[in-house]
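Chemist: Structure below; questions to follow.
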Amino acid sequence: MFAKVMQRFLDVDLATASGRALIEERYFSLRRQVPIIYLLGFVNLSGMELSTAGRITIGLNLPTIIATCGLVRLFNWYCMGTQPSHEQMVRRMQQTVWFAAAVCLTVCARCLYLLHVGDNASHMAVMLFGGLTAIGVAYGLTALPVAGRIPLLLIIVPLSLASILSGNSQFAWAAFGLVVVAVLTMKLVTLHSRHLEDLIRSRELISNQQVLAEHAHQEAVHAATTDFLTGLPNRRAFVAALEAEIEEKKLKDWFALAVLDLNRFKAVNDMFGHEAGDRLLQEVANRLVRAAGTSGLVARLGGDEFGIFFPGVSQVARARAMGSEILREVNRPLVIDGRQFDVSACCGLALSKPEDDRSPSRVMADADLALYQAKDGSPDHLIVFEHGMEAPRLRRLQIERALQTTGIEQNLSLVFQPIVDLRRSKVIAFEALARWKDEELGSVTPSEFVPIAEQLGLIERLNSHLLALAFHETRKWPDEIKLSFNLSAVELCNAGFAELILAQLVIAGLETSRLQVEVTETALLADFERARGNLKRLRKAGVTIVLDDFGAGYASIGYLRELRFDQIKLDGALVTAAQESADGKRLLRAVIGLCDLLGVSSVAEHVESEALLTLLTELGCTAGQGFWLQRPMSAEEVRQSINEGTGRPTGAKQHGRRAA
């Protein structure tokens with residue numbers, strides 16, 4: 001009720017933020033102007049008394065009353081404190097309105113009295129000083145429009161009427177001018193009030209926009225630093241936290257960093273869908289947060305990889321114990337929609353001491369290196385980084401630098417390993433294998449430099465050079481012997497790659513049937529649709545398509561359904577396992593039988609013994625490749641073998657003689 005009365009009286013609404021802001025602005029403006037208003041009134045009214053009476057006597061007169069009221073009002077205004085409540089402000093301004101009315105009535109009465117008893121000169125002095133007082137006070141009260149109009153109405157209007165009714169034309173014209181000035185002053189008071197209201201609304205709008213902008217900024221920062229799926233900090237936030245910790249405690253504390261990766265997570269996505277995979281990641285994130293406690297910071301670095309930061313850890317034993325506790329928590333079985341998932345993870349840990357190179361990238365690289373070691377066969381899937389592990393990283397850096405030197409292609413060469421038809425003991429193809437010998441690095445295997453070349457974007461240039469060398473040698477072989485060449489995942493997933501291969505065949509003068517390309521499951525995973533398009537184009541042109549390393553992955557059966565292969569190369573681990581157990585032998589027999597059912601030939605890798613060769617022949621494997629049959633040969637050795645006219649590599653001839 002009080003708020004509604006004040007709104008009607010002061011044209012504000014205390015229930016709104018803008019209304020409260022307007023009250024504050026009016027209140028503090030008045031508080032600053034009140035001393036000036038009373039000083040103005042005292043000076044003008046003293047001048048009026050001196051002009052009309054010739055003196056100011058001490059006693060009950062208008063200047064004394066004004067001075068006394070001013071002192072009382074100043075005390076009332078400034079004793080309330082620096083920040084009164086909005087209700088107190090409203091009451092103080094309401095009092096100002098009534099007090100202004102009372103003072104203006106007193107001044108008006110005194111002015112009318114002096115007009116009645118004085119002469120013409122006194123009359124003009126009263127109009128001058130009374131008008132100046134009214135206009136000055138009105139302008140001083142512009143912060144409170146309802147009060148600012150009071151002196152104009154209660155002083156100037158009565159004085160003007162009295163002057164007009166006096167019958168004196170000079171007084172009448174003076175009254176007319178005074179009324180015009182009063183009207184204009186009232187207009188200025190109104191405009192000032194509106195300007196003040198507009199200013200408050202503008203401030204509120206700017207404030208709201210700032211709040212919205214700050215909110216949007218906070219949301220943007222949150223989105224940029226938070227993983228949307230798990231709600232954990234992302235890699236960017238994790239690195240920033242590491243940088244802040246390192247900067248704050250540059251020379252003081254140790255800390256530990258753990259990088260954790262889930263095993264076979266892709267199989268969950270492939271078999272049960274991404275929704276199940278997402279829920280699994282969310283539960284793993286919750287488990288990591290619980291295991292890390294309040295001192296550790298957990299982040300999702302990407303995919304199924306998580307990072308955990310532990311401040312104050314300086315002992316390897318403690319770091320290992322913390323890592324083991326995290327793995328125990330993560331590796332507990334997980335149930336999603338009634339289906340149990342056996343979760344397992346690997347963990348790499350790195351400790352950083354104050355005197356080390358403590359950049360986040362370096363510490364994370366150490367933890368990543370430990371993680372890779374943990375994946376390579378650590379019994380407890382946990383490795384703590386040691387400086388001796390840096391050798392592979394240093395070698396990788398050397399390989400990167402060497403690959404980026406000019407003319408690196410000239411350091412690459414090819415050897416050729418025969419693929420033998422086991423039924424006829426005859427070479428049917430040679431697989432081209434890259435070799436790189438460097439003065440500083442020594443012998444660099446394809447498994448070392450090919451992934452690095454892919455990451456550096458150099459693999460297409462290198463493979464194009466190697467393919468040209470292989471085609472050049474293939475032209476020297478009999479037409480019935482094919483060239484087998486491994487395709488990179490990067491190349492296979494590039495649009496138009498099939499056309500480039502076919503164009504190189506035309507330039508080399510080779511029939512497309514002379515080429516067979518080997519692709520791995522990993523290569524297909526990179527971009528399956530584009531890879532499928534390139535393989536279909538090659539197969540349609542007559543190129544033989546081979547699925548390499550069958551049995552090493554988890555989704556190869558699905559690719560047999562989605563793509564048409566001409567040949568399946570069995571992974572070496574699958575082949576050697578057949579010699580070690582009856583189950584391994586049954587599995588190999590089943591896979592060879594699957595190839596027969598699909599109507600594709602099977603090629604066994606890693607044929608390393610006569611017994612294994614005999615077993616593969618008995619199981620009906622179509623072809624084989626391995627050191628027992630023939631080691632990789634240089635181009636010159638291949639030509640020499642072909643020119644001898646035997647058509648058989650050494651191992652195959654021996655096997656043939658023994659079989660005979």
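Identifiers for the structure tokens are assigned positionally: chains receive A, B, ... in sequence, residues are indexed from 1 per chain, and ligands are indexed from 1 in the order shown.
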Which residues come within 12 Å of Met364 of chain A, counting only C-alpha atoms, excluding same-chain residues fewer than 3 positions away, as an NGL selection string?

Modeler: :A and (235 or 238-239 or 242-243 or 256-260 or 301 or 306-309 or 348-352 or 357-361 or 367-371 or 385)

Chemist: Restrict the selected residues to C-alpha atoms and save them as a PDB file, in the first residue's frame.

Modeler:
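Wrote result.pdb, looks like this:
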```pdb
ATOM      1  CA  ARG A 235      41.776 -30.644 -21.978  1.00  0.00           C
ATOM      2  CA  PHE A 238      43.102 -29.102 -17.444  1.00  0.00           C
ATOM      3  CA  VAL A 239      46.179 -27.565 -19.083  1.00  0.00           C
ATOM      4  CA  LEU A 242      48.340 -27.153 -14.555  1.00  0.00           C
ATOM      5  CA  GLU A 243      49.834 -23.874 -15.759  1.00  0.00           C
ATOM      6  CA  ALA A 256      51.693 -36.046  -9.967  1.00  0.00           C
ATOM      7  CA  LEU A 257      49.785 -36.335 -13.215  1.00  0.00           C
ATOM      8  CA  ALA A 258      47.890 -39.445 -14.277  1.00  0.00           C
ATOM      9  CA  VAL A 259      46.569 -40.179 -17.765  1.00  0.00           C
ATOM     10  CA  LEU A 260      44.029 -43.004 -17.954  1.00  0.00           C
ATOM     11  CA  LEU A 301      41.089 -35.141 -22.286  1.00  0.00           C
ATOM     12  CA  PHE A 306      41.041 -38.915 -18.773  1.00  0.00           C
ATOM     13  CA  GLY A 307      43.607 -36.886 -16.862  1.00  0.00           C
ATOM     14  CA  ILE A 308      43.990 -36.555 -13.080  1.00  0.00           C
ATOM     15  CA  PHE A 309      46.135 -33.962 -11.319  1.00  0.00           C
ATOM     16  CA  GLY A 348      50.329 -43.753 -16.923  1.00  0.00           C
ATOM     17  CA  LEU A 349      51.737 -41.534 -14.170  1.00  0.00           C
ATOM     18  CA  ALA A 350      54.370 -38.811 -14.171  1.00  0.00           C
ATOM     19  CA  LEU A 351      55.853 -36.966 -11.186  1.00  0.00           C
ATOM     20  CA  SER A 352      57.136 -33.420 -11.510  1.00  0.00           C
ATOM     21  CA  ASP A 357      60.962 -28.705 -16.879  1.00  0.00           C
ATOM     22  CA  ARG A 358      57.432 -28.263 -15.543  1.00  0.00           C
ATOM     23  CA  SER A 359      55.555 -27.172 -18.656  1.00  0.00           C
ATOM     24  CA  PRO A 360      52.141 -28.907 -18.857  1.00  0.00           C
ATOM     25  CA  SER A 361      52.906 -30.297 -22.309  1.00  0.00           C
ATOM     26  CA  ALA A 367      52.388 -39.434 -18.522  1.00  0.00           C
ATOM     27  CA  ASP A 368      51.312 -40.364 -22.079  1.00  0.00           C
ATOM     28  CA  LEU A 369      54.551 -42.241 -22.627  1.00  0.00           C
ATOM     29  CA  ALA A 370      53.996 -44.147 -19.383  1.00  0.00           C
ATOM     30  CA  LEU A 371      50.438 -44.903 -20.512  1.00  0.00           C
ATOM     31  CA  PHE A 385      57.276 -42.562 -15.873  1.00  0.00           C
TER      32      PHE A 385
END
```

Chemist: Got a sec to tell me which of segment 324-505 of chain A DSSP assigns to helix (DSSP H, G or I), as a short mmCIF file (atom, residue, chain, number, x, y, z; two decimals) with N, CA and C atoms, in the first residue's frame?

Modeler:
```cif
data_model
loop_
_atom_site.label_atom_id
_atom_site.label_comp_id
_atom_site.auth_asym_id
_atom_site.auth_seq_id
_atom_site.Cartn_x
_atom_site.Cartn_y
_atom_site.Cartn_z
N SER A 324 46.80 -47.22 -8.49
CA SER A 324 46.17 -48.54 -8.30
C SER A 324 44.77 -48.38 -7.73
N GLU A 325 44.59 -47.44 -6.81
CA GLU A 325 43.27 -47.21 -6.23
C GLU A 325 42.29 -46.72 -7.29
N ILE A 326 42.78 -45.85 -8.17
CA ILE A 326 41.92 -45.33 -9.25
C ILE A 326 41.52 -46.47 -10.19
N LEU A 327 42.47 -47.32 -10.55
CA LEU A 327 42.15 -48.44 -11.45
C LEU A 327 41.18 -49.42 -10.80
N ARG A 328 41.34 -49.67 -9.49
CA ARG A 328 40.39 -50.56 -8.80
C ARG A 328 38.98 -49.99 -8.85
N GLU A 329 38.88 -48.68 -8.68
CA GLU A 329 37.56 -48.05 -8.70
C GLU A 329 36.95 -48.10 -10.10
N VAL A 330 37.79 -47.83 -11.11
CA VAL A 330 37.28 -47.79 -12.49
C VAL A 330 36.95 -49.19 -12.99
N PRO A 360 53.20 -27.89 -18.80
CA PRO A 360 52.14 -28.91 -18.86
C PRO A 360 52.32 -29.90 -20.00
N SER A 361 52.75 -29.40 -21.17
CA SER A 361 52.91 -30.30 -22.31
C SER A 361 53.97 -31.35 -22.04
N ARG A 362 55.04 -30.97 -21.34
CA ARG A 362 56.11 -31.92 -21.05
C ARG A 362 55.64 -32.98 -20.06
N VAL A 363 54.97 -32.54 -18.99
CA VAL A 363 54.51 -33.48 -17.97
C VAL A 363 53.46 -34.43 -18.56
N MET A 364 52.56 -33.89 -19.39
CA MET A 364 51.54 -34.74 -20.01
C MET A 364 52.18 -35.70 -21.01
N ALA A 365 53.22 -35.26 -21.69
CA ALA A 365 53.92 -36.17 -22.61
C ALA A 365 54.56 -37.32 -21.84
N ASP A 366 55.12 -37.01 -20.66
CA ASP A 366 55.70 -38.06 -19.83
C ASP A 366 54.62 -39.06 -19.40
N ALA A 367 53.48 -38.55 -18.96
CA ALA A 367 52.39 -39.43 -18.52
C ALA A 367 51.85 -40.25 -19.71
N ASP A 368 51.77 -39.63 -20.89
CA ASP A 368 51.31 -40.36 -22.08
C ASP A 368 52.27 -41.50 -22.43
N LEU A 369 53.56 -41.22 -22.32
CA LEU A 369 54.55 -42.24 -22.63
C LEU A 369 54.43 -43.41 -21.65
N ALA A 370 54.20 -43.09 -20.37
CA ALA A 370 54.00 -44.15 -19.38
C ALA A 370 52.72 -44.93 -19.68
N LEU A 371 51.69 -44.23 -20.16
CA LEU A 371 50.44 -44.90 -20.51
C LEU A 371 50.66 -45.90 -21.65
N TYR A 372 51.40 -45.49 -22.67
CA TYR A 372 51.66 -46.40 -23.79
C TYR A 372 52.42 -47.64 -23.31
N GLN A 373 53.35 -47.43 -22.39
CA GLN A 373 54.09 -48.57 -21.85
C GLN A 373 53.14 -49.49 -21.07
N ALA A 374 52.19 -48.89 -20.34
CA ALA A 374 51.22 -49.69 -19.58
C ALA A 374 50.34 -50.51 -20.52
N LYS A 375 50.04 -49.96 -21.69
CA LYS A 375 49.21 -50.69 -22.66
C LYS A 375 49.98 -51.83 -23.31
N HIS A 387 62.90 -41.65 -16.40
CA HIS A 387 63.64 -40.91 -17.44
C HIS A 387 64.20 -41.84 -18.51
N GLY A 388 64.39 -43.12 -18.19
CA GLY A 388 64.86 -44.05 -19.20
C GLY A 388 63.86 -44.27 -20.32
N MET A 389 62.61 -43.90 -20.07
CA MET A 389 61.57 -44.07 -21.09
C MET A 389 61.62 -42.99 -22.16
N GLU A 390 62.49 -42.00 -21.99
CA GLU A 390 62.51 -40.89 -22.93
C GLU A 390 63.14 -41.25 -24.27
N ALA A 391 63.89 -42.35 -24.29
CA ALA A 391 64.58 -42.72 -25.53
C ALA A 391 63.63 -42.83 -26.71
N PRO A 392 62.47 -43.52 -26.58
CA PRO A 392 61.56 -43.57 -27.73
C PRO A 392 61.06 -42.20 -28.17
N ARG A 393 60.84 -41.31 -27.19
CA ARG A 393 60.36 -39.98 -27.56
C ARG A 393 61.44 -39.20 -28.30
N LEU A 394 62.66 -39.31 -27.83
CA LEU A 394 63.76 -38.62 -28.51
C LEU A 394 63.95 -39.16 -29.92
N ARG A 395 63.81 -40.48 -30.06
CA ARG A 395 63.94 -41.07 -31.39
C ARG A 395 62.81 -40.58 -32.30
N ARG A 396 61.63 -40.47 -31.74
CA ARG A 396 60.49 -39.98 -32.54
C ARG A 396 60.78 -38.55 -33.02
N LEU A 397 61.31 -37.70 -32.14
CA LEU A 397 61.63 -36.33 -32.54
C LEU A 397 62.67 -36.32 -33.65
N GLN A 398 63.65 -37.22 -33.54
CA GLN A 398 64.67 -37.30 -34.59
C GLN A 398 64.07 -37.75 -35.91
N ILE A 399 63.14 -38.72 -35.84
CA ILE A 399 62.48 -39.19 -37.06
C ILE A 399 61.65 -38.07 -37.68
N GLU A 400 60.95 -37.31 -36.83
CA GLU A 400 60.14 -36.20 -37.34
C GLU A 400 61.02 -35.20 -38.09
N ARG A 401 62.14 -34.83 -37.48
CA ARG A 401 63.04 -33.87 -38.14
C ARG A 401 63.59 -34.44 -39.44
N ALA A 402 63.97 -35.72 -39.43
CA ALA A 402 64.53 -36.33 -40.64
C ALA A 402 63.50 -36.39 -41.75
N LEU A 403 62.24 -36.70 -41.41
CA LEU A 403 61.19 -36.80 -42.43
C LEU A 403 60.92 -35.46 -43.10
N ILE A 408 64.02 -36.42 -48.62
CA ILE A 408 63.95 -37.61 -47.79
C ILE A 408 63.55 -38.84 -48.60
N GLU A 409 62.79 -38.65 -49.69
CA GLU A 409 62.35 -39.78 -50.50
C GLU A 409 63.53 -40.59 -51.04
N GLN A 410 64.65 -39.90 -51.28
CA GLN A 410 65.81 -40.60 -51.87
C GLN A 410 66.45 -41.58 -50.89
N ASN A 411 66.13 -41.44 -49.60
CA ASN A 411 66.68 -42.35 -48.60
C ASN A 411 65.81 -43.59 -48.40
N PRO A 446 59.10 -49.35 -41.02
CA PRO A 446 57.85 -48.70 -41.41
C PRO A 446 56.92 -48.45 -40.22
N SER A 447 56.92 -49.39 -39.25
CA SER A 447 56.04 -49.20 -38.08
C SER A 447 56.43 -47.97 -37.28
N GLU A 448 57.69 -47.52 -37.43
CA GLU A 448 58.14 -46.30 -36.75
C GLU A 448 57.78 -45.05 -37.55
N PHE A 449 58.15 -45.03 -38.84
CA PHE A 449 58.04 -43.77 -39.55
C PHE A 449 56.71 -43.54 -40.25
N VAL A 450 55.97 -44.62 -40.58
CA VAL A 450 54.70 -44.41 -41.29
C VAL A 450 53.69 -43.65 -40.44
N PRO A 451 53.44 -44.02 -39.16
CA PRO A 451 52.48 -43.23 -38.36
C PRO A 451 52.90 -41.78 -38.19
N ILE A 452 54.22 -41.54 -38.06
CA ILE A 452 54.70 -40.16 -37.92
C ILE A 452 54.49 -39.40 -39.22
N ALA A 453 54.77 -40.05 -40.34
CA ALA A 453 54.57 -39.39 -41.64
C ALA A 453 53.10 -39.07 -41.86
N GLU A 454 52.21 -39.94 -41.39
CA GLU A 454 50.77 -39.67 -41.50
C GLU A 454 50.40 -38.43 -40.69
N GLN A 455 50.90 -38.34 -39.48
CA GLN A 455 50.58 -37.19 -38.63
C GLN A 455 51.16 -35.89 -39.18
N LEU A 456 52.31 -35.96 -39.82
CA LEU A 456 52.94 -34.76 -40.38
C LEU A 456 52.37 -34.40 -41.76
N ILE A 459 52.75 -38.59 -45.72
CA ILE A 459 52.64 -39.97 -46.18
C ILE A 459 52.28 -40.06 -47.65
N GLU A 460 51.46 -39.17 -48.16
CA GLU A 460 51.08 -39.24 -49.58
C GLU A 460 52.29 -39.05 -50.49
N ARG A 461 53.14 -38.09 -50.14
CA ARG A 461 54.33 -37.84 -50.95
C ARG A 461 55.27 -39.04 -50.91
N LEU A 462 55.48 -39.59 -49.70
CA LEU A 462 56.39 -40.73 -49.57
C LEU A 462 55.84 -41.95 -50.29
N ASN A 463 54.56 -42.24 -50.08
CA ASN A 463 53.97 -43.43 -50.71
C ASN A 463 53.91 -43.30 -52.23
N SER A 464 53.70 -42.08 -52.72
CA SER A 464 53.71 -41.88 -54.17
C SER A 464 55.07 -42.23 -54.75
N HIS A 465 56.13 -41.83 -54.05
CA HIS A 465 57.49 -42.17 -54.49
C HIS A 465 57.72 -43.68 -54.44
N LEU A 466 57.31 -44.30 -53.33
CA LEU A 466 57.51 -45.75 -53.18
C LEU A 466 56.68 -46.53 -54.20
N LEU A 467 55.47 -46.06 -54.46
CA LEU A 467 54.61 -46.74 -55.43
C LEU A 467 55.23 -46.67 -56.83
N ALA A 468 55.81 -45.51 -57.16
CA ALA A 468 56.47 -45.38 -58.47
C ALA A 468 57.64 -46.36 -58.58
N LEU A 469 58.43 -46.51 -57.49
CA LEU A 469 59.53 -47.48 -57.50
C LEU A 469 59.00 -48.90 -57.67
N ALA A 470 57.92 -49.21 -56.94
CA ALA A 470 57.35 -50.57 -57.01
C ALA A 470 56.82 -50.86 -58.40
N PHE A 471 56.14 -49.91 -59.02
CA PHE A 471 55.60 -50.11 -60.38
C PHE A 471 56.75 -50.30 -61.38
N HIS A 472 57.82 -49.56 -61.17
CA HIS A 472 58.97 -49.69 -62.08
C HIS A 472 59.54 -51.11 -62.04
N GLU A 473 59.61 -51.69 -60.84
CA GLU A 473 60.13 -53.05 -60.72
C GLU A 473 59.13 -54.09 -61.22
N THR A 474 57.84 -53.83 -60.97
CA THR A 474 56.82 -54.80 -61.36
C THR A 474 56.81 -55.02 -62.87
N ALA A 489 46.08 -45.26 -44.08
CA ALA A 489 44.73 -44.82 -43.71
C ALA A 489 44.46 -43.41 -44.23
N VAL A 490 45.46 -42.54 -44.16
CA VAL A 490 45.29 -41.16 -44.61
C VAL A 490 44.97 -41.13 -46.10
N GLU A 491 45.71 -41.91 -46.89
CA GLU A 491 45.48 -41.93 -48.34
C GLU A 491 44.13 -42.54 -48.67
N LEU A 492 43.81 -43.67 -48.03
CA LEU A 492 42.58 -44.39 -48.35
C LEU A 492 41.35 -43.54 -48.10
N PHE A 497 41.48 -40.58 -54.21
CA PHE A 497 42.72 -41.36 -54.11
C PHE A 497 42.75 -42.51 -55.12
N ALA A 498 41.61 -43.15 -55.35
CA ALA A 498 41.56 -44.27 -56.30
C ALA A 498 41.99 -43.81 -57.69
N GLU A 499 41.55 -42.63 -58.09
CA GLU A 499 41.92 -42.13 -59.41
C GLU A 499 43.42 -41.88 -59.52
N LEU A 500 44.04 -41.44 -58.42
CA LEU A 500 45.49 -41.21 -58.44
C LEU A 500 46.24 -42.53 -58.64
N ILE A 501 45.80 -43.58 -57.95
CA ILE A 501 46.44 -44.89 -58.10
C ILE A 501 46.31 -45.38 -59.55
N LEU A 502 45.10 -45.27 -60.07
CA LEU A 502 44.85 -45.75 -61.44
C LEU A 502 45.66 -44.94 -62.45
N ALA A 503 45.80 -43.64 -62.19
CA ALA A 503 46.59 -42.79 -63.10
C ALA A 503 48.05 -43.21 -63.07
N GLN A 504 48.59 -43.53 -61.88
CA GLN A 504 49.98 -43.98 -61.79
C GLN A 504 50.19 -45.32 -62.52
N LEU A 505 49.18 -46.20 -62.47
CA LEU A 505 49.28 -47.46 -63.21
C LEU A 505 49.38 -47.21 -64.70
#
```

Chemist: Write out as a ChimeraX atom specification the residues lying within 8 Å of Leu232 of chain A, counting only C-alpha atoms and excluding same-chain residues fewer than 6 positions away.

Modeler: /A:226,285,298-300

Chemist: Quick check for you: according to DSSP on this backbone, which residues of segment 190-398 of chain A are classed as strand (DSSP E or B)? Reply as a PyMOL selection string.

Modeler: chain A and resi 226+233+255-262+297-302+305-311+334-336+339-341+345-352+382-384

Chemist: Could you jot down the atom CA of Pro158 of chain A to atom CA of Leu30 of chain A separation for me, Å, one decimal place?

Modeler: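 Value for the atom CA of Pro158 of chain A-atom CA of Leu30 of chain A distance: 26.2 Å.
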
Chemist: Figure out the distance between atom CA of Ala432 of chain A and atom CA of Gly496 of chain A, please, to one decimal in Å.

Modeler: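 For atom CA of Gly496 of chain A relative to atom CA of Ala432 of chain A, the distance reads 22.8 Å.
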
Chemist: Which one is closest to Ile37 of chain A: A:Cys347, A:Ala541, A:Ala240, A:Cys69? Count only C-alpha atoms.

Modeler: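 The shortest atom-to-atom distance to Ile37 of chain A comes from A:Cys69.
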
Chemist: Please compute the atom CA of Gly338 of chain A-atom CA of Val289 of chain A distance, one decimal, in Å.

Modeler: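 Computing the Euclidean distance for atom CA of Gly338 of chain A and atom CA of Val289 of chain A yields 24.0 Å.
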
Chemist: Quick one: everything within 7 Å of Leu412 of chain A, counting only C-alpha atoms, minus sequence neighbours fewer than 4 positions away in the same chain. Send it as a list in words.

Modeler: Ala434, Arg435 and Trp436 of chain A

Chemist: Could you write those residues out with C-alpha atoms, as an mmCIF file, in the first residue's frame?

Modeler:
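Result file follows (part-v5.cif):
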```
data_model
loop_
_atom_site.group_PDB
_atom_site.id
_atom_site.type_symbol
_atom_site.label_atom_id
_atom_site.label_comp_id
_atom_site.auth_asym_id
_atom_site.auth_seq_id
_atom_site.Cartn_x
_atom_site.Cartn_y
_atom_site.Cartn_z
ATOM 1 C CA ALA A 434 59.550 -49.900 -47.308
ATOM 2 C CA ARG A 435 63.041 -49.610 -45.900
ATOM 3 C CA TRP A 436 64.815 -46.515 -44.594
#
```
